[in-house]
$ cat structure_9.txt   # compact mmCIF, N, CA and C atoms
# COMPACT_ATOMS: atom_id res chain seq x y z
N MET A 805 66.02 -32.67 45.18
CA MET A 805 66.77 -31.89 44.24
C MET A 805 65.90 -30.79 43.63
N PHE A 806 64.89 -31.17 42.82
CA PHE A 806 63.95 -30.20 42.25
C PHE A 806 62.55 -30.55 42.73
N ALA A 807 61.71 -29.55 42.79
CA ALA A 807 60.31 -29.79 43.15
C ALA A 807 59.62 -30.55 42.02
N LYS A 808 58.61 -31.36 42.38
CA LYS A 808 57.90 -32.15 41.38
C LYS A 808 57.24 -31.29 40.31
N LYS A 809 56.93 -30.05 40.65
CA LYS A 809 56.29 -29.17 39.66
C LYS A 809 57.21 -28.87 38.49
N HIS A 810 58.51 -29.11 38.63
CA HIS A 810 59.46 -28.85 37.56
C HIS A 810 59.78 -30.11 36.74
N HIS A 811 59.06 -31.20 37.01
CA HIS A 811 59.33 -32.47 36.34
C HIS A 811 59.33 -32.33 34.81
N PHE A 812 58.32 -31.68 34.24
CA PHE A 812 58.23 -31.57 32.79
C PHE A 812 59.42 -30.81 32.21
N ARG A 813 59.84 -29.74 32.87
CA ARG A 813 60.98 -28.97 32.37
C ARG A 813 62.28 -29.76 32.48
N VAL A 814 62.47 -30.45 33.58
CA VAL A 814 63.69 -31.26 33.75
C VAL A 814 63.69 -32.40 32.74
N PHE A 815 62.55 -33.06 32.57
CA PHE A 815 62.44 -34.11 31.57
C PHE A 815 62.77 -33.57 30.18
N GLY A 816 62.20 -32.44 29.82
CA GLY A 816 62.46 -31.84 28.51
C GLY A 816 63.92 -31.50 28.32
N PHE A 817 64.53 -30.96 29.36
CA PHE A 817 65.95 -30.61 29.31
C PHE A 817 66.80 -31.85 29.05
N LEU A 818 66.55 -32.91 29.82
CA LEU A 818 67.34 -34.14 29.68
C LEU A 818 67.06 -34.86 28.36
N MET A 819 65.79 -35.00 28.01
CA MET A 819 65.43 -35.71 26.79
C MET A 819 65.99 -35.00 25.55
N SER A 820 65.85 -33.69 25.52
CA SER A 820 66.35 -32.95 24.36
C SER A 820 67.87 -33.02 24.27
N ALA A 821 68.54 -32.99 25.42
CA ALA A 821 70.01 -33.09 25.42
C ALA A 821 70.47 -34.44 24.89
N ILE A 822 69.84 -35.50 25.38
CA ILE A 822 70.22 -36.85 24.95
C ILE A 822 69.96 -37.03 23.46
N LEU A 823 68.77 -36.65 23.01
CA LEU A 823 68.43 -36.81 21.59
C LEU A 823 69.32 -35.97 20.69
N ALA A 824 69.53 -34.72 21.06
CA ALA A 824 70.38 -33.85 20.23
C ALA A 824 71.81 -34.38 20.20
N PHE A 825 72.31 -34.84 21.34
CA PHE A 825 73.67 -35.37 21.42
C PHE A 825 73.84 -36.58 20.50
N LEU A 826 72.93 -37.53 20.62
CA LEU A 826 73.04 -38.75 19.82
C LEU A 826 72.78 -38.50 18.33
N MET A 827 71.76 -37.75 18.03
CA MET A 827 71.41 -37.53 16.62
C MET A 827 72.46 -36.70 15.90
N THR A 828 72.96 -35.64 16.53
CA THR A 828 73.99 -34.85 15.86
C THR A 828 75.27 -35.65 15.69
N GLY A 829 75.58 -36.52 16.65
CA GLY A 829 76.76 -37.37 16.50
C GLY A 829 76.64 -38.33 15.33
N VAL A 830 75.51 -38.98 15.23
CA VAL A 830 75.29 -39.94 14.14
C VAL A 830 75.27 -39.23 12.79
N ILE A 831 74.52 -38.15 12.69
CA ILE A 831 74.40 -37.45 11.41
C ILE A 831 75.73 -36.82 11.01
N THR A 832 76.47 -36.27 11.96
CA THR A 832 77.79 -35.71 11.64
C THR A 832 78.71 -36.81 11.13
N PHE A 833 78.67 -37.96 11.78
CA PHE A 833 79.50 -39.09 11.33
C PHE A 833 79.12 -39.55 9.93
N ILE A 834 77.82 -39.70 9.69
CA ILE A 834 77.36 -40.15 8.37
C ILE A 834 77.76 -39.15 7.29
N ASN A 835 77.60 -37.87 7.57
CA ASN A 835 77.86 -36.84 6.56
C ASN A 835 79.34 -36.57 6.33
N THR A 836 80.17 -36.66 7.37
CA THR A 836 81.56 -36.21 7.21
C THR A 836 82.59 -37.26 7.58
N GLY A 837 82.17 -38.36 8.19
CA GLY A 837 83.12 -39.38 8.62
C GLY A 837 83.82 -38.97 9.91
N PHE A 838 84.69 -39.87 10.35
CA PHE A 838 85.41 -39.65 11.61
C PHE A 838 86.86 -39.30 11.28
N ASP A 839 87.23 -38.07 11.55
CA ASP A 839 88.60 -37.63 11.34
C ASP A 839 88.98 -36.67 12.47
N ALA A 840 90.06 -35.97 12.29
CA ALA A 840 90.57 -35.09 13.36
C ALA A 840 89.58 -33.98 13.72
N GLY A 841 88.76 -33.53 12.79
CA GLY A 841 87.83 -32.44 13.06
C GLY A 841 86.44 -32.87 13.48
N PHE A 842 86.25 -34.18 13.66
CA PHE A 842 84.91 -34.71 13.96
C PHE A 842 84.32 -34.10 15.23
N LEU A 843 85.06 -34.10 16.32
CA LEU A 843 84.52 -33.62 17.59
C LEU A 843 84.14 -32.15 17.53
N LEU A 844 84.90 -31.35 16.82
CA LEU A 844 84.56 -29.93 16.67
C LEU A 844 83.27 -29.77 15.86
N ARG A 845 83.16 -30.49 14.76
CA ARG A 845 81.94 -30.42 13.95
C ARG A 845 80.73 -30.91 14.75
N TRP A 846 80.92 -32.01 15.49
CA TRP A 846 79.83 -32.56 16.30
C TRP A 846 79.40 -31.55 17.37
N SER A 847 80.36 -30.96 18.05
CA SER A 847 80.01 -30.01 19.11
C SER A 847 79.30 -28.79 18.55
N ARG A 848 79.72 -28.31 17.39
CA ARG A 848 79.02 -27.18 16.76
C ARG A 848 77.59 -27.55 16.41
N ALA A 849 77.40 -28.72 15.85
CA ALA A 849 76.05 -29.18 15.50
C ALA A 849 75.19 -29.32 16.75
N PHE A 850 75.76 -29.85 17.82
CA PHE A 850 75.02 -30.03 19.06
C PHE A 850 74.59 -28.69 19.66
N VAL A 851 75.48 -27.72 19.66
CA VAL A 851 75.17 -26.40 20.22
C VAL A 851 74.01 -25.74 19.46
N ILE A 852 73.91 -26.01 18.18
CA ILE A 852 72.80 -25.48 17.39
C ILE A 852 71.53 -26.29 17.62
N ALA A 853 71.66 -27.61 17.66
CA ALA A 853 70.49 -28.49 17.71
C ALA A 853 69.81 -28.52 19.08
N TRP A 854 70.59 -28.44 20.16
CA TRP A 854 69.99 -28.62 21.48
C TRP A 854 68.93 -27.58 21.81
N PRO A 855 69.18 -26.29 21.64
CA PRO A 855 68.11 -25.33 21.96
C PRO A 855 66.87 -25.52 21.09
N ILE A 856 67.07 -25.93 19.86
CA ILE A 856 65.93 -26.20 18.98
C ILE A 856 65.14 -27.39 19.52
N ALA A 857 65.84 -28.46 19.87
CA ALA A 857 65.18 -29.66 20.40
C ALA A 857 64.46 -29.35 21.71
N LEU A 858 65.09 -28.57 22.59
CA LEU A 858 64.47 -28.22 23.87
C LEU A 858 63.18 -27.42 23.64
N THR A 859 63.23 -26.47 22.75
CA THR A 859 62.04 -25.67 22.44
C THR A 859 60.91 -26.54 21.92
N ILE A 860 61.25 -27.46 21.02
CA ILE A 860 60.23 -28.36 20.45
C ILE A 860 59.63 -29.25 21.54
N VAL A 861 60.47 -29.82 22.39
CA VAL A 861 59.98 -30.70 23.45
C VAL A 861 59.07 -29.93 24.41
N LEU A 862 59.48 -28.74 24.80
CA LEU A 862 58.68 -27.98 25.76
C LEU A 862 57.37 -27.48 25.15
N LEU A 863 57.38 -27.12 23.87
CA LEU A 863 56.16 -26.62 23.24
C LEU A 863 55.21 -27.73 22.81
N LEU A 864 55.77 -28.80 22.24
CA LEU A 864 54.92 -29.86 21.70
C LEU A 864 54.70 -31.02 22.65
N GLY A 865 55.51 -31.12 23.69
CA GLY A 865 55.41 -32.23 24.64
C GLY A 865 54.01 -32.46 25.19
N PRO A 866 53.34 -31.43 25.70
CA PRO A 866 51.99 -31.66 26.22
C PRO A 866 51.01 -32.17 25.16
N HIS A 867 51.15 -31.71 23.94
CA HIS A 867 50.26 -32.16 22.86
C HIS A 867 50.55 -33.61 22.47
N VAL A 868 51.82 -33.96 22.45
CA VAL A 868 52.20 -35.34 22.13
C VAL A 868 51.73 -36.28 23.24
N ARG A 869 51.88 -35.85 24.48
CA ARG A 869 51.41 -36.67 25.61
C ARG A 869 49.90 -36.87 25.53
N ALA A 870 49.16 -35.82 25.21
CA ALA A 870 47.70 -35.93 25.08
C ALA A 870 47.33 -36.88 23.95
N ALA A 871 48.04 -36.80 22.83
CA ALA A 871 47.77 -37.71 21.71
C ALA A 871 48.07 -39.15 22.10
N ALA A 872 49.15 -39.37 22.81
CA ALA A 872 49.50 -40.73 23.26
C ALA A 872 48.45 -41.25 24.24
N ASP A 873 47.96 -40.38 25.12
CA ASP A 873 46.91 -40.79 26.06
C ASP A 873 45.64 -41.21 25.32
N ARG A 874 45.31 -40.50 24.25
CA ARG A 874 44.12 -40.86 23.46
C ARG A 874 44.32 -42.17 22.72
N LEU A 875 45.53 -42.45 22.27
CA LEU A 875 45.82 -43.68 21.52
C LEU A 875 45.92 -44.90 22.41
N CYS A 876 46.32 -44.72 23.65
CA CYS A 876 46.56 -45.85 24.56
C CYS A 876 45.48 -45.87 25.63
N THR A 877 44.37 -46.52 25.30
CA THR A 877 43.22 -46.51 26.21
C THR A 877 42.92 -47.87 26.82
N ARG A 878 43.47 -48.94 26.24
CA ARG A 878 43.17 -50.29 26.76
C ARG A 878 44.01 -50.59 27.99
N ASP A 879 43.44 -51.42 28.88
CA ASP A 879 44.13 -51.81 30.11
C ASP A 879 44.63 -53.24 30.07
N ASP A 880 45.08 -53.74 28.94
CA ASP A 880 45.51 -55.14 28.90
C ASP A 880 46.98 -55.29 28.92
$ encode --input "structure_9.txt" --output "structure tokens"
Amino acid sequence: MFAKKHHFRVFGFLMSAILAFLMTGVITFINTGFDAGFLLRWSRAFVIAWPIALTIVLLLGPHVRAAADRLCTRDD
């Protein structure tokens, strides 16, 4: 499907989509409840949140991975 060199970008795309989808759904529900306008409010929040989440994952992902590698050094 995609070349292995694109793994980080595909991972970032999928991870940010899943996180933005779930988090905006939960926060929208907590803040406004579930009524007839819920799906519209949720979709608006998702459209705003996803590009932000994707940018954060792509920019900070390598630094977070490096920090995790430094923290996880034992082989047990």
$ atom_distance --input "structure_9.txt" --atom1 "atom C of A:Phe825" --atom2 "atom C of A:Gly837"
14.7 Å
$ select_by_dssp --input "structure_9.txt" --residues "chain A" --states "helix (DSSP H, G or I)" --output "ChimeraX atom specification"
/A:808-836,842-875
$ closest_residue --input "structure_9.txt" --among "A:Leu818, A:Met805, A:Leu875, A:Ala849" --to "A:Thr832" --atoms "only N, CA and C atoms"
A:Ala849
$ atom_distance --input "structure_9.txt" --atom1 "atom C of A:Leu823" --atom2 "atom C of A:Val861"
12.5 Å
$ closest_residue --input "structure_9.txt" --among "A:Ala807, A:Phe850, A:Phe842, A:His867" --to "A:Thr828" --atoms "only N, CA and C atoms"
A:Phe850
$ atom_distance --input "structure_9.txt" --atom1 "atom C of A:Val814" --atom2 "atom C of A:Leu858"
10.4 Å
$ closest_residue --input "structure_9.txt" --among "A:Ile834, A:Leu862, A:Ala870, A:Ala857" --to "A:Ser820" --atoms "all atoms listed in the file"
A:Ala857
$ closest_residue --input "structure_9.txt" --among "A:Arg878, A:Gly841, A:Ile856, A:Lys808" --to "A:Ala824" --atoms "only C-alpha atoms"
A:Ile856
